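Asker: My structure is below; once you've seen it, I'll send some questions.
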Amino acid sequence: MKVAIVYASTTGNTESLANAAAQGAKDAGRDVSIVTADSADSADVLSADLILLGSPAMGAEQLEDSMETFFSGIEGSLSGKKVGLFGSYDWGEGQWISDWSDRVTSAGATLVNAVKAHLAPEDADLEAVKQLAQA
């Protein structure tokens, strides 16, 4: 099973979650690719059995710019795909991940799960994203 992990990170918190997801997928014997949103190849990502996308909340609880650009580019091709989301936030309630989840399901994808961490990920957040990668 191929797992594609694409993330954007500004402080390193979402990168920590991405690395934990990659470790979880590797521990499960999955073929893993992990790249940043600004260098991801859409065709390669869309060919994966499981797509994991990570972004911090920015501004008024929005995706980080490079993730928004990448996600908008593949959003219309997600129908029938398995997608998991993860990221970190500082303020608010983490509404960005709920909005993003809605976009994923509206695109026709199956949302496996969404994991959000407040500020730096704690052990429970890292374990949750590892489990996400093994879905």
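By order of appearance in the structure tokens: chains A, B, ..., then residues from 1 within every chain, and ligands from 1 in the order shown.
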Quick one: which region 48-73 of chain A residues come within 12 Å of region 114-128 of chain A, and what is the nearest atom pair for each with the distance in Å to one decimal, counting only C-alpha atoms, rows ordered by chain and ascending number, as a Markdown table?
Answerer:
```
| residue | atom | partner | partner_atom | distance |
| --- | --- | --- | --- | --- |
| A:Ile51 | CA | A:Ala114 | CA | 12.0 |
| A:Leu52 | CA | A:Ala114 | CA | 9.4 |
| A:Leu53 | CA | A:Ala114 | CA | 9.4 |
| A:Gly54 | CA | A:Val115 | CA | 9.2 |
| A:Ser55 | CA | A:Lys116 | CA | 9.6 |
| A:Pro56 | CA | A:Lys116 | CA | 9.0 |
| A:Ala57 | CA | A:Lys116 | CA | 9.7 |
```
Asker: Need to verify the contact set: Glu15 (chain A), 12 Å, only C-alpha atoms, exclusion of same-chain residues closer than 4 positions in sequence. Can you return it as a PyMOL selection string?
Answerer: chain A and resi 5-11+19-22+34-37+53-56+86-88+117+120-121+126+129
Asker: Please list as a list in words every residue within 12 Å of Ser72 (chain A), counting only C-alpha atoms and excluding residues in the same chain fewer than 4 positions away.
Answerer: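 So, after excluding close chain neighbours, the residues are Ala37, Ser42, Leu63, Glu64, Asp65, Ser66, Met67, Glu68, Gly76, Ser77, Leu78, Trp100, Arg103, Val104 and Ala107 of chain A.
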Asker: Can you tell me how far CA of Gly80 (chain A) sits from CA of Glu93 (chain A), in Å to one decimal?
Answerer: 29.1 Å
Asker: Need to verify the contact set: Gly24 (chain A), 7 Å, only C-alpha atoms, exclusion of same-chain residues closer than 2 positions in sequence. Can you return it as a count of residues only?
Answerer: 10
Asker: Considering only C-alpha atoms, can you say which of A:Gln23, A:Thr14, A:Ser47, A:Ser79 comes closest to Leu132 (chain A)?
Answerer: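 Of all the options, A:Gln23 lies closest to Leu132 (chain A).
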Asker: Just list the residues in chain A DSSP gives alpha helix (DSSP H) on the backbone, as number ranges by chain.
Answerer: A: 13-27, 42-46, 65-74, 95-106, 123-133
Asker: Show which residues sit within 8 Å of Val112 (chain A), as number ranges by chain. Count only C-alpha atoms, and ignore same-chain residues fewer than 2 positions away.
Answerer: A: 82-84, 110, 114, 132, 135
Asker: Could you check which of A:Asp38, A:Phe70, A:Gly12, A:Ala48 is closest to Tyr89 (chain A), using only C-alpha atoms?
Answerer: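 Closest residue, counting only C-alpha atoms: A:Gly12.
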Asker: Go ahead and compute the interatomic distance for CA of Ile74 (chain A) and CA of Leu46 (chain A), in Å to one decimal.
Answerer: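 Taking CA of Ile74 (chain A) and CA of Leu46 (chain A), their separation equals 7.7 Å.
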Asker: Would you mind writing down, as a PyMOL selection string, each residue of region 67-134 of chain A that DSSP on the backbone assigns to strand (DSSP E or B)?
Answerer: chain A and resi 82-89+110-118
Asker: What is the distance, in Å and to one decimal place, between CA of Ser33 (chain A) and CA of Ala4 (chain A)?
Answerer: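 So the two atoms, CA of Ser33 (chain A) and CA of Ala4 (chain A), lie 5.0 Å apart.
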